[in-house]
Structures are given as C-alpha cells and as structure tokens.
$ cat coords-v3.pdb   # PDB, C-alpha atoms, pLDDT in the B column
ATOM      1  CA  MET A   4      12.302  13.941  21.545  1.00 96.00           C
ATOM      2  CA  GLU A   5       8.755  12.753  21.024  1.00 97.00           C
ATOM      3  CA  ILE A   6       6.086  13.685  18.485  1.00 98.00           C
ATOM      4  CA  GLU A   7       2.605  12.390  17.739  1.00 97.00           C
ATOM      5  CA  VAL A   8       1.786  11.233  14.216  1.00 97.00           C
ATOM      6  CA  LYS A   9      -1.856  11.089  13.131  1.00 97.00           C
ATOM      7  CA  LEU A  10      -2.763   9.348   9.882  1.00 96.00           C
ATOM      8  CA  PHE A  11      -6.199   9.667   8.341  1.00 94.00           C
ATOM      9  CA  ALA A  12      -8.400   7.605   5.994  1.00 92.00           C
ATOM     10  CA  THR A  13      -6.436   5.101   3.884  1.00 91.00           C
ATOM     11  CA  LEU A  14      -3.100   6.261   5.311  1.00 95.00           C
ATOM     12  CA  ARG A  15      -3.983   4.636   8.653  1.00 94.00           C
ATOM     13  CA  ASP A  16      -2.816   1.350   7.118  1.00 94.00           C
ATOM     14  CA  TYR A  17       0.759   2.687   7.472  1.00 95.00           C
ATOM     15  CA  LEU A  18       0.646   3.100  11.260  1.00 95.00           C
ATOM     16  CA  PRO A  19       3.115   0.805  13.036  1.00 92.00           C
ATOM     17  CA  LYS A  20       1.708  -2.341  14.642  1.00 90.00           C
ATOM     18  CA  GLY A  21       0.509  -1.698  18.167  1.00 85.00           C
ATOM     19  CA  SER A  22      -0.474   1.906  17.420  1.00 89.00           C
ATOM     20  CA  GLY A  23      -3.773   3.448  18.359  1.00 87.00           C
ATOM     21  CA  ARG A  24      -6.536   3.531  15.796  1.00 88.00           C
ATOM     22  CA  PHE A  25      -5.517   6.890  14.344  1.00 91.00           C
ATOM     23  CA  SER A  26      -2.130   7.811  15.776  1.00 95.00           C
ATOM     24  CA  CYS A  27       1.176   6.810  17.264  1.00 96.00           C
ATOM     25  CA  ARG A  28       3.930   8.456  19.252  1.00 96.00           C
ATOM     26  CA  MET A  29       7.432   8.425  17.785  1.00 96.00           C
ATOM     27  CA  GLU A  30      10.835   9.147  19.235  1.00 97.00           C
ATOM     28  CA  ILE A  31      12.836  11.232  16.776  1.00 97.00           C
ATOM     29  CA  ASP A  32      16.198  12.970  16.658  1.00 96.00           C
ATOM     30  CA  GLU A  33      16.661  16.716  16.504  1.00 94.00           C
ATOM     31  CA  HIS A  34      16.490  18.075  12.967  1.00 96.00           C
ATOM     32  CA  THR A  35      14.149  15.279  11.798  1.00 98.00           C
ATOM     33  CA  ARG A  36      12.064  16.450   8.832  1.00 98.00           C
ATOM     34  CA  VAL A  37       8.529  15.434   7.884  1.00 97.00           C
ATOM     35  CA  GLN A  38       9.890  13.578   4.823  1.00 96.00           C
ATOM     36  CA  GLU A  39      11.929  11.303   7.101  1.00 97.00           C
ATOM     37  CA  ILE A  40       8.772  10.328   8.995  1.00 97.00           C
ATOM     38  CA  LEU A  41       7.005   9.510   5.712  1.00 96.00           C
ATOM     39  CA  VAL A  42       9.916   7.253   4.744  1.00 96.00           C
ATOM     40  CA  LYS A  43      10.031   5.629   8.193  1.00 96.00           C
ATOM     41  CA  LEU A  44       6.316   4.789   7.915  1.00 96.00           C
ATOM     42  CA  ASN A  45       6.753   3.451   4.343  1.00 96.00           C
ATOM     43  CA  ILE A  46       4.182   5.869   2.950  1.00 95.00           C
ATOM     44  CA  PRO A  47       4.718   5.846  -0.842  1.00 92.00           C
ATOM     45  CA  GLU A  48       6.180   9.056  -2.249  1.00 88.00           C
ATOM     46  CA  GLU A  49       3.679   9.090  -5.123  1.00 87.00           C
ATOM     47  CA  ILE A  50       0.659   9.443  -2.816  1.00 86.00           C
ATOM     48  CA  PRO A  51      -0.137  13.155  -2.578  1.00 80.00           C
ATOM     49  CA  LYS A  52      -0.560  14.248   0.999  1.00 86.00           C
ATOM     50  CA  ILE A  53      -1.958  17.119   3.032  1.00 94.00           C
ATOM     51  CA  ILE A  54       0.438  17.810   5.894  1.00 96.00           C
ATOM     52  CA  LEU A  55      -0.461  19.704   9.048  1.00 97.00           C
ATOM     53  CA  ILE A  56       1.897  20.413  11.926  1.00 98.00           C
ATOM     54  CA  ASN A  57       0.046  21.480  15.074  1.00 98.00           C
ATOM     55  CA  GLY A  58      -2.979  22.247  12.893  1.00 97.00           C
ATOM     56  CA  VAL A  59      -1.085  24.507  10.468  1.00 98.00           C
ATOM     57  CA  HIS A  60      -0.157  23.636   6.866  1.00 97.00           C
ATOM     58  CA  GLY A  61       3.326  22.083   6.801  1.00 97.00           C
ATOM     59  CA  LYS A  62       5.874  20.991   4.210  1.00 95.00           C
ATOM     60  CA  LYS A  63       7.877  17.817   3.704  1.00 95.00           C
ATOM     61  CA  ASP A  64      11.177  19.594   4.376  1.00 96.00           C
ATOM     62  CA  GLN A  65       9.970  21.148   7.644  1.00 97.00           C
ATOM     63  CA  VAL A  66      11.947  20.246  10.790  1.00 98.00           C
ATOM     64  CA  LEU A  67       9.842  18.816  13.603  1.00 98.00           C
ATOM     65  CA  GLN A  68      10.044  19.978  17.219  1.00 98.00           C
ATOM     66  CA  GLU A  69       9.468  18.292  20.581  1.00 98.00           C
ATOM     67  CA  GLY A  70       5.745  17.716  21.158  1.00 98.00           C
ATOM     68  CA  ASP A  71       4.650  18.462  17.582  1.00 98.00           C
ATOM     69  CA  VAL A  72       1.516  16.793  16.258  1.00 98.00           C
ATOM     70  CA  LEU A  73       2.045  15.756  12.641  1.00 98.00           C
ATOM     71  CA  SER A  74      -1.234  15.039  10.819  1.00 97.00           C
ATOM     72  CA  ILE A  75      -1.147  13.488   7.363  1.00 96.00           C
ATOM     73  CA  PHE A  76      -4.182  13.200   5.084  1.00 95.00           C
ATOM     74  CA  PRO A  77      -4.550  11.544   1.671  1.00 92.00           C
ATOM     75  CA  PRO A  78      -5.955  13.658  -1.170  1.00 85.00           C
ATOM     76  CA  VAL A  79      -9.457  14.851  -0.413  1.00 75.00           C
ATOM     77  CA  ALA A  80     -12.238  14.758  -2.991  1.00 67.00           C
ATOM     78  CA  GLY A  81     -15.758  15.938  -2.654  1.00 63.00           C
ATOM     79  CA  GLY A  82     -18.954  16.343  -4.533  1.00 55.00           C
TER      80      GLY A  82
END
$ encode --input "coords-v3.pdb" --output "structure tokens"
Amino acid sequence: MEIEVKLFATLRDYLPKGSGRFSCRMEIDEHTRVQEILVKLNIPEEIPKIILINGVHGKKDQVLQEGDVLSIFPPVAGG
C-alpha cells in the first residue's frame, strides 16, 4: 500500500533522495506504524515531533492505512 509522507522545516533534510521538496510517497506493508517510518527515514528518536495523520493528531504507535498522509513537524516555537 502507498502513503504520502510530508516533512516540514528542518526535518525535510531526512526526505529520501529524489523526493519532492516537501514530501515523498512510500510503499509500506500492512500494519506499518508511524515509528517504523521515522526509523526508515533515519529521523533521530531524540527530536521531538508533532505527528499528524490526515490532518489529525497521531501517535508513533499508530498503524497507517492505504492513502494516509503522514505529516511530521519539528518542535514549534514562537514569540
């Protein structure tokens, strides 16, 4: 099955070569969890992340479904 992964700000550096500027499509197996995608993209565990799945807050142990859009943001700070 296929999902779209969108990485924002400094996390864009972890997109695979040949990806678009902000996102990539990935083929995954059934029962693949968000955490497995983070590992596959070599995103360090210690970087806190905001995770959205189809625009709704998600968790690292959440199982992804066909056509999901996984958006991952670094910590956000503001003034």
$ atom_distance --input "coords-v3.pdb" --atom1 "atom CA of Glu5 of chain A" --atom2 "atom CA of Arg28 of chain A"
6.7 Å
$ atom_distance --input "coords-v3.pdb" --atom1 "atom CA of Val42 of chain A" --atom2 "atom CA of Val79 of chain A"
21.4 Å
$ residues_around --input "coords-v3.pdb" --residues "segment 47-56 of chain A" --least-positions-apart "6" --cutoff "12 Å" --atoms "all atoms listed in the file" --output "ChimeraX atom specification"
/A:6-14,16-17,36-41,62-79
$ atom_distance --input "coords-v3.pdb" --atom1 "atom CA of Cys27 of chain A" --atom2 "atom CA of Leu44 of chain A"
10.9 Å
$ axis_aligned_box --input "coords-v3.pdb" --around "segment 68-71 of chain A" --padding-each-side "4 Å" --output "AutoDock Vina command-line options"
--center_x 7.3 --center_y 18.8 --center_z 19.2 --size_x 13.4 --size_y 10.3 --size_z 11.9
$ resolve_selection --input "coords-v3.pdb" --expression "the PyMOL selection byres ((chain A and resi 30) around 6)" --output "MDAnalysis selection string"
chainID A and resid 4:5 29 31
